[in-house]
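As stored in model-v2.json (JSON, C-alpha atoms):
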[["chain", "number", "residue", "atom", "x", "y", "z"],
["U", 213, "MET", "CA", -135.26, -128.03, -39.26],
["U", 214, "LYS", "CA", -135.00, -124.29, -39.81],
["U", 215, "LEU", "CA", -133.83, -122.44, -42.92],
["U", 216, "THR", "CA", -133.02, -118.73, -43.16],
["U", 217, "PHE", "CA", -132.65, -117.05, -46.53],
["U", 218, "LEU", "CA", -129.63, -114.78, -45.97],
["U", 219, "GLY", "CA", -129.85, -113.60, -49.59],
["U", 220, "THR", "CA", -132.07, -114.18, -52.62],
["U", 221, "GLY", "CA", -130.40, -112.03, -55.30],
["U", 222, "THR", "CA", -128.07, -112.52, -58.24],
["U", 223, "SER", "CA", -124.41, -111.80, -58.91],
["U", 224, "GLN", "CA", -125.08, -108.05, -59.08],
["U", 225, "GLY", "CA", -127.50, -107.86, -56.17],
["U", 226, "VAL", "CA", -130.71, -105.85, -56.32],
["U", 227, "PRO", "CA", -130.91, -102.95, -56.99],
["U", 228, "VAL", "CA", -128.10, -102.98, -59.54],
["U", 229, "ILE", "CA", -125.36, -100.33, -59.42],
["U", 230, "GLY", "CA", -126.06, -97.59, -61.94],
["U", 231, "PHE", "CA", -129.33, -99.17, -63.09],
["U", 232, "ASP", "CA", -132.52, -98.23, -61.27],
["U", 233, "ALA", "CA", -135.00, -98.08, -64.14],
["U", 234, "SER", "CA", -136.05, -101.73, -64.34],
["U", 235, "GLY", "CA", -139.50, -101.03, -62.94],
["U", 236, "ILE", "CA", -138.96, -102.72, -59.58],
["U", 237, "ASN", "CA", -140.59, -101.04, -56.57],
["U", 238, "LEU", "CA", -137.77, -100.25, -54.16],
["U", 239, "ASP", "CA", -140.21, -99.06, -51.51],
["U", 240, "GLU", "CA", -140.98, -102.78, -51.08],
["U", 241, "LYS", "CA", -138.15, -104.02, -48.85],
["U", 242, "ARG", "CA", -138.59, -107.59, -50.08],
["U", 243, "ASN", "CA", -137.27, -106.36, -53.44],
["U", 244, "TRP", "CA", -133.88, -105.51, -51.88],
["U", 245, "ARG", "CA", -131.84, -108.65, -52.51],
["U", 246, "THR", "CA", -128.31, -109.48, -51.43],
["U", 247, "ARG", "CA", -126.39, -112.39, -52.97],
["U", 248, "SER", "CA", -128.06, -115.80, -52.54],
["U", 249, "SER", "CA", -127.22, -118.03, -49.59],
["U", 250, "VAL", "CA", -129.04, -119.95, -46.87],
["U", 251, "HIS", "CA", -128.38, -121.00, -43.29],
["U", 252, "VAL", "CA", -129.88, -124.33, -42.18],
["U", 253, "GLU", "CA", -130.27, -125.62, -38.63],
["U", 254, "ILE", "CA", -130.60, -129.40, -38.77],
["U", 255, "GLY", "CA", -129.77, -132.29, -36.47],
["U", 256, "GLY", "CA", -128.40, -129.93, -33.84],
["U", 257, "LYS", "CA", -125.94, -128.48, -36.38],
["U", 258, "HIS", "CA", -125.70, -125.11, -38.11],
["U", 259, "VAL", "CA", -124.93, -125.50, -41.82],
["U", 260, "GLN", "CA", -124.08, -122.47, -43.94],
["U", 261, "VAL", "CA", -124.53, -122.76, -47.71],
["U", 262, "ASP", "CA", -122.44, -120.22, -49.68],
["U", 263, "ALA", "CA", -121.03, -116.87, -48.61],
["U", 264, "GLY", "CA", -121.39, -113.95, -51.00],
["U", 265, "PRO", "CA", -119.98, -110.42, -50.73],
["U", 266, "GLU", "CA", -122.64, -109.36, -48.17],
["U", 267, "PHE", "CA", -122.16, -112.41, -45.94],
["U", 268, "ARG", "CA", -120.98, -110.46, -42.89],
["U", 269, "ILE", "CA", -123.89, -108.03, -43.15],
["U", 270, "GLN", "CA", -126.34, -110.91, -43.61],
["U", 271, "CYS", "CA", -125.06, -112.66, -40.48],
["U", 272, "LEU", "CA", -125.37, -109.50, -38.40],
["U", 273, "ARG", "CA", -128.87, -108.82, -39.73],
["U", 274, "ASP", "CA", -130.19, -112.34, -39.17],
["U", 275, "GLY", "CA", -128.33, -113.23, -35.97],
["U", 276, "ILE", "CA", -126.11, -115.99, -37.39],
["U", 277, "ASN", "CA", -123.60, -116.60, -34.60],
["U", 278, "TRP", "CA", -122.42, -120.17, -35.11],
["U", 279, "ILE", "CA", -121.52, -122.46, -38.04],
["U", 280, "ASP", "CA", -120.59, -126.14, -37.73],
["U", 281, "GLU", "CA", -120.30, -126.98, -41.44],
["U", 282, "PHE", "CA", -119.94, -124.90, -44.60],
["U", 283, "ILE", "CA", -121.01, -126.01, -48.09],
["U", 284, "LEU", "CA", -120.04, -124.13, -51.24],
["U", 285, "THR", "CA", -122.41, -124.91, -54.11],
["U", 286, "HIS", "CA", -119.91, -123.63, -56.69],
["U", 287, "GLY", "CA", -116.99, -121.28, -57.09],
["U", 288, "HIS", "CA", -118.61, -118.22, -58.68],
["U", 289, "ALA", "CA", -117.82, -114.90, -57.00],
["U", 290, "ASP", "CA", -121.35, -114.23, -55.74],
["U", 291, "HIS", "CA", -121.19, -117.46, -53.71],
["U", 292, "ILE", "CA", -117.56, -117.56, -52.57],
["U", 293, "ALA", "CA", -116.36, -113.96, -52.17],
["U", 294, "GLY", "CA", -117.50, -113.66, -48.55],
["U", 295, "MET", "CA", -115.69, -116.73, -47.26],
["U", 296, "ASP", "CA", -112.96, -114.69, -45.60],
["U", 297, "ASP", "CA", -115.62, -113.57, -43.10],
["U", 298, "LEU", "CA", -115.92, -117.17, -41.92],
["U", 299, "ARG", "CA", -112.88, -116.27, -39.79],
["U", 300, "ARG", "CA", -115.08, -115.30, -36.85],
["U", 301, "PHE", "CA", -116.80, -118.68, -36.89],
["U", 302, "CYS", "CA", -113.41, -120.39, -37.02],
["U", 303, "ASP", "CA", -112.43, -118.39, -33.93],
["U", 304, "LYS", "CA", -115.36, -119.88, -32.02],
["U", 305, "LEU", "CA", -114.87, -123.52, -33.07],
["U", 306, "PRO", "CA", -112.74, -126.01, -31.14],
["U", 307, "GLY", "CA", -109.41, -126.10, -32.96],
["U", 308, "ASN", "CA", -110.36, -122.91, -34.83],
["U", 309, "LYS", "CA", -110.88, -124.84, -38.06],
["U", 310, "LEU", "CA", -114.11, -125.07, -40.10],
["U", 311, "ARG", "CA", -115.10, -128.06, -42.23],
["U", 312, "VAL", "CA", -115.76, -126.87, -45.80],
["U", 313, "TYR", "CA", -117.39, -129.02, -48.49],
["U", 314, "ALA", "CA", -117.53, -128.33, -52.24],
["U", 315, "ASN", "CA", -117.29, -129.98, -55.65],
["U", 316, "GLU", "CA", -113.91, -130.08, -57.38],
["U", 317, "PHE", "CA", -114.34, -126.71, -59.09],
["U", 318, "GLY", "CA", -115.33, -125.14, -55.79],
["U", 319, "LEU", "CA", -112.32, -126.61, -54.02],
["U", 320, "GLU", "CA", -110.02, -125.29, -56.76],
["U", 321, "ARG", "CA", -111.46, -121.79, -56.37],
["U", 322, "ILE", "CA", -111.07, -121.89, -52.57],
["U", 323, "ARG", "CA", -107.43, -122.93, -52.91],
["U", 324, "ALA", "CA", -106.80, -120.13, -55.40],
["U", 325, "MET", "CA", -108.57, -117.38, -53.44],
["U", 326, "PHE", "CA", -107.81, -118.32, -49.83],
["U", 327, "PRO", "CA", -104.39, -120.04, -49.69],
["U", 328, "TYR", "CA", -103.74, -118.38, -46.31],
["U", 329, "ALA", "CA", -106.71, -120.31, -44.83],
["U", 330, "LEU", "CA", -105.55, -123.83, -45.70],
["U", 331, "GLY", "CA", -103.02, -124.64, -42.98],
["U", 332, "SER", "CA", -103.42, -127.10, -40.14],
["U", 333, "ALA", "CA", -104.25, -124.14, -37.90],
["U", 334, "PRO", "CA", -104.97, -120.42, -38.45],
["U", 335, "ALA", "CA", -101.91, -118.60, -39.80],
["U", 336, "GLN", "CA", -102.47, -115.99, -37.11],
["U", 337, "ARG", "CA", -105.03, -115.49, -34.38],
["U", 338, "GLY", "CA", -108.29, -114.38, -36.00],
["U", 339, "TYR", "CA", -107.52, -115.74, -39.48],
["U", 340, "PRO", "CA", -109.88, -118.18, -41.21],
["U", 341, "CYS", "CA", -108.87, -121.82, -41.39],
["U", 342, "PHE", "CA", -110.62, -124.30, -43.67],
["U", 343, "ASP", "CA", -110.56, -128.10, -43.58],
["U", 344, "LEU", "CA", -111.47, -128.95, -47.19],
["U", 345, "PHE", "CA", -113.51, -131.97, -48.28],
["U", 346, "ARG", "CA", -115.09, -133.08, -51.53],
["U", 347, "MET", "CA", -118.84, -133.02, -50.90],
["U", 348, "PRO", "CA", -120.00, -136.64, -50.60],
["U", 349, "LYS", "CA", -123.22, -138.01, -52.03],
["U", 350, "VAL", "CA", -124.50, -138.20, -48.46],
["U", 351, "LEU", "CA", -123.15, -136.21, -45.52],
["U", 352, "GLU", "CA", -124.32, -137.71, -42.23],
["U", 353, "LEU", "CA", -124.82, -135.12, -39.49],
["U", 354, "GLY", "CA", -126.03, -137.37, -36.68],
["U", 355, "GLU", "CA", -129.34, -137.37, -34.82],
["U", 356, "GLY", "CA", -131.03, -138.83, -37.90],
["U", 357, "ALA", "CA", -130.08, -135.85, -40.08],
["U", 358, "ARG", "CA", -128.23, -135.91, -43.37],
["U", 359, "ILE", "CA", -127.52, -133.85, -46.49],
["U", 360, "SER", "CA", -127.51, -135.48, -49.92],
["U", 361, "SER", "CA", -125.87, -133.81, -52.89],
["U", 362, "VAL", "CA", -126.59, -133.94, -56.61],
["U", 363, "ASP", "CA", -124.90, -132.33, -59.61],
["U", 364, "LEU", "CA", -126.86, -129.65, -61.44],
["U", 365, "PRO", "CA", -126.05, -128.18, -64.89],
["U", 366, "HIS", "CA", -125.02, -124.52, -64.74],
["U", 367, "GLY", "CA", -123.67, -123.43, -68.11],
["U", 368, "SER", "CA", -120.35, -125.20, -68.75],
["U", 369, "MET", "CA", -120.02, -126.35, -65.13],
["U", 370, "SER", "CA", -121.92, -128.14, -62.40],
["U", 371, "THR", "CA", -123.23, -126.84, -59.10],
["U", 372, "LEU", "CA", -124.25, -128.76, -56.00],
["U", 373, "GLY", "CA", -127.93, -129.28, -55.35],
["U", 374, "LEU", "CA", -128.60, -130.16, -51.72],
["U", 375, "ILE", "CA", -131.33, -132.23, -50.07],
["U", 376, "PHE", "CA", -131.68, -131.80, -46.29],
["U", 377, "GLU", "CA", -133.43, -134.61, -44.40],
["U", 378, "GLU", "CA", -134.30, -134.89, -40.73],
["U", 379, "SER", "CA", -136.74, -137.47, -39.37],
["U", 380, "ASP", "CA", -139.63, -137.36, -41.84],
["U", 381, "ARG", "CA", -138.86, -133.88, -43.14],
["U", 382, "LYS", "CA", -137.16, -133.12, -46.46],
["U", 383, "LEU", "CA", -136.04, -129.84, -48.02],
["U", 384, "ALA", "CA", -134.35, -129.46, -51.41],
["U", 385, "TYR", "CA", -132.17, -126.47, -52.32],
["U", 386, "PHE", "CA", -131.51, -126.12, -56.07],
["U", 387, "CYS", "CA", -129.92, -122.75, -56.78],
["U", 388, "ASP", "CA", -127.92, -121.70, -59.86],
["U", 389, "CYS", "CA", -129.02, -124.32, -62.36],
["U", 390, "LYS", "CA", -130.54, -124.44, -65.83],
["U", 391, "ARG", "CA", -132.60, -127.54, -65.15],
["U", 392, "LEU", "CA", -132.92, -130.49, -62.80],
["U", 393, "THR", "CA", -131.50, -133.85, -63.81],
["U", 394, "ASP", "CA", -133.61, -136.96, -63.43],
["U", 395, "PHE", "CA", -131.42, -137.93, -60.47],
["U", 396, "ALA", "CA", -132.08, -134.56, -58.80],
["U", 397, "LYS", "CA", -135.82, -134.98, -59.31],
["U", 398, "GLU", "CA", -135.68, -138.45, -57.78],
["U", 399, "ALA", "CA", -133.69, -137.14, -54.82],
["U", 400, "ALA", "CA", -136.23, -134.36, -54.23],
["U", 401, "ALA", "CA", -139.27, -136.64, -54.50],
["U", 402, "GLY", "CA", -141.59, -136.21, -51.55],
["U", 403, "ALA", "CA", -139.92, -133.01, -50.36],
["U", 404, "ASP", "CA", -141.93, -130.79, -48.05],
["U", 405, "ILE", "CA", -140.19, -127.69, -49.40],
["U", 406, "VAL", "CA", -138.26, -127.11, -52.63],
["U", 407, "ILE", "CA", -136.19, -123.99, -53.33],
["U", 408, "LEU", "CA", -135.51, -123.27, -57.00],
["U", 409, "ASP", "CA", -133.39, -120.93, -59.09],
["U", 410, "ALA", "CA", -135.67, -118.41, -60.88],
["U", 411, "LEU", "CA", -133.46, -115.74, -62.39],
["U", 412, "ARG", "CA", -135.80, -113.67, -64.57],
["U", 413, "MET", "CA", -138.51, -113.90, -67.22],
["U", 414, "LYS", "CA", -136.29, -113.94, -70.33],
["U", 415, "PRO", "CA", -134.32, -117.12, -71.19],
["U", 416, "HIS", "CA", -130.81, -117.47, -69.81],
["U", 417, "PRO", "CA", -128.18, -120.05, -70.82],
["U", 418, "SER", "CA", -127.31, -121.20, -67.30],
["U", 419, "HIS", "CA", -130.27, -120.32, -65.04],
["U", 420, "MET", "CA", -133.93, -121.28, -64.92],
["U", 421, "THR", "CA", -136.38, -118.52, -65.73],
["U", 422, "LEU", "CA", -139.35, -117.95, -63.46],
["U", 423, "PRO", "CA", -141.68, -119.77, -65.93],
["U", 424, "GLU", "CA", -139.24, -122.69, -66.13],
["U", 425, "ALA", "CA", -139.04, -122.79, -62.34],
["U", 426, "MET", "CA", -142.84, -122.81, -62.09],
["U", 427, "ASP", "CA", -143.00, -125.75, -64.51],
["U", 428, "THR", "CA", -140.38, -127.58, -62.45],
["U", 429, "ALA", "CA", -142.29, -126.87, -59.25],
["U", 430, "ALA", "CA", -145.43, -128.35, -60.77],
["U", 431, "GLU", "CA", -143.50, -131.46, -61.81],
["U", 432, "LEU", "CA", -141.97, -131.98, -58.35],
["U", 433, "GLY", "CA", -145.25, -131.37, -56.53],
["U", 434, "ALA", "CA", -143.75, -130.28, -53.20],
["U", 435, "LYS", "CA", -146.04, -128.95, -50.48],
["U", 436, "ALA", "CA", -144.36, -125.56, -50.89],
["U", 437, "THR", "CA", -141.88, -124.10, -53.39],
["U", 438, "TYR", "CA", -139.82, -120.93, -52.98],
["U", 439, "PHE", "CA", -138.01, -119.15, -55.80],
["U", 440, "THR", "CA", -134.62, -117.49, -55.26],
["U", 441, "HIS", "CA", -131.61, -115.96, -57.07],
["U", 442, "MET", "CA", -133.81, -113.32, -58.72],
["U", 443, "THR", "CA", -132.88, -110.22, -60.71],
["U", 444, "SER", "CA", -134.49, -106.80, -60.42],
["U", 445, "HIS", "CA", -136.90, -107.77, -63.19],
["U", 446, "ILE", "CA", -138.98, -109.82, -60.75],
["U", 447, "ASP", "CA", -140.98, -107.50, -58.52],
["U", 448, "TYR", "CA", -142.20, -109.14, -55.31],
["U", 449, "THR", "CA", -145.57, -107.41, -55.15],
["U", 450, "VAL", "CA", -146.33, -108.01, -58.82],
["U", 451, "TRP", "CA", -145.33, -111.68, -59.02],
["U", 452, "GLU", "CA", -146.13, -113.09, -55.59],
["U", 453, "GLY", "CA", -149.83, -112.74, -56.33],
["U", 454, "ARG", "CA", -149.53, -114.37, -59.77],
["U", 455, "LEU", "CA", -147.79, -117.57, -58.72],
["U", 456, "PRO", "CA", -149.52, -120.97, -58.61],
["U", 457, "GLU", "CA", -150.83, -122.22, -55.28],
["U", 458, "GLY", "CA", -148.01, -123.33, -53.02],
["U", 459, "CYS", "CA", -145.38, -121.24, -54.84],
["U", 460, "HIS", "CA", -143.77, -118.14, -53.37],
["U", 461, "LEU", "CA", -140.95, -115.67, -53.96],
["U", 462, "ALA", "CA", -138.33, -115.91, -51.25],
["U", 463, "TYR", "CA", -136.87, -112.73, -49.78],
["U", 464, "ASP", "CA", -133.86, -111.80, -47.67],
["U", 465, "GLY", "CA", -134.43, -112.67, -44.03],
["U", 466, "LEU", "CA", -137.31, -115.09, -44.67],
["U", 467, "VAL", "CA", -137.30, -117.97, -42.16],
["U", 468, "LEU", "CA", -138.88, -121.38, -42.85],
["U", 469, "GLU", "CA", -139.38, -123.80, -39.97],
["U", 470, "MET", "CA", -140.30, -127.45, -40.39]]
In structure tokens, what does this structure look like?
Amino acid sequence: MKLTFLGTGTSQGVPVIGFDASGINLDEKRNWRTRSSVHVEIGGKHVQVDAGPEFRIQCLRDGINWIDEFILTHGHADHIAGMDDLRRFCDKLPGNKLRVYANEFGLERIRAMFPYALGSAPAQRGYPCFDLFRMPKVLELGEGARISSVDLPHGSMSTLGLIFEESDRKLAYFCDCKRLTDFAKEAAAGADIVILDALRMKPHPSHMTLPEAMDTAAELGAKATYFTHMTSHIDYTVWEGRLPEGCHLAYDGLVLEM
């Protein structure tokens, strides 16, 4: 299993337009954060999770050339706005149609934003074409690989938390959430790697803060935990050295192999 962090930033990205006085060191390239998403290679498949506004640039930077399945964690703009750029991956697939999974809110947003991509085939050559599915509790990928999904509270809505399993390896991806439910904690039990939302230091109504994420990491007890979806108030150099053993700040382009 291989995971690439295409982006580790928030809805505004880092640095923020018109705001460069937050104290973050922009000479440290790991502080430059595009909108959060990951690409997972598992069971011989390439699974893309979310596509923000910089999705095309992320794919070019990190050499993402193929996608078999796409999962949208939720329908907020910083996770869905780049889905039109999935058109190139549709071009390369047999039938030119990409399987897309989401919760009900995510499916509603896709239908509203990309009605031209919902036919039985691309409307024209080079257009995106999505085959929409409600994300199941367990998505079997073959070769002993699967992805389980759990609902996570995110303000007034729910996002999809994802647990990737292949052979005896397990990785949990919990982005954009205020806390983990008991069911999510049970699903992540024994994970080798856990990835957690860690927006900033100050409390937020729909995201975990870095201290809350550290507490959650301690409770889960994974071999390694990576924090993502961070604002410009979390400086990589400052905080990476302060984190508990086994905890790290993720950064754009970081690759984890299991």
* **Atomic separation - atom CA of U:Thr220 relative to atom CA of U:Met442, Å** => 6.4 Å
Output as CSV one row per residue of stretch 429-468 of chain U within 9 Å of stretch 366-388 of chain U: the closest atom pair and its distance in Å to one decimal place, counting all atoms listed in the file, sorted by chain and residue number ascending.
residue,atom,partner,partner_atom,distance
U:Phe439,CA,U:Cys387,CA,8.9
U:Thr440,CA,U:Cys387,CA,7.2
U:His441,CA,U:Cys387,CA,7.0
* With distances taken over all atoms listed in the file, which of U:Pro365, U:Val467, U:Thr421, U:Asp409 is nearest to U:Thr393? ->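 For U:Thr393, the nearest of the given residues is U:Pro365.
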* **atom CA of U:Glu281 to atom CA of U:Asn308, distance in Å rounded to a single decimal** =>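 For atom CA of U:Glu281 relative to atom CA of U:Asn308, the distance reads 12.6 Å.
Between atom CA of U:Asp239 and atom CA of U:Phe217 the separation is 20.1 Å.
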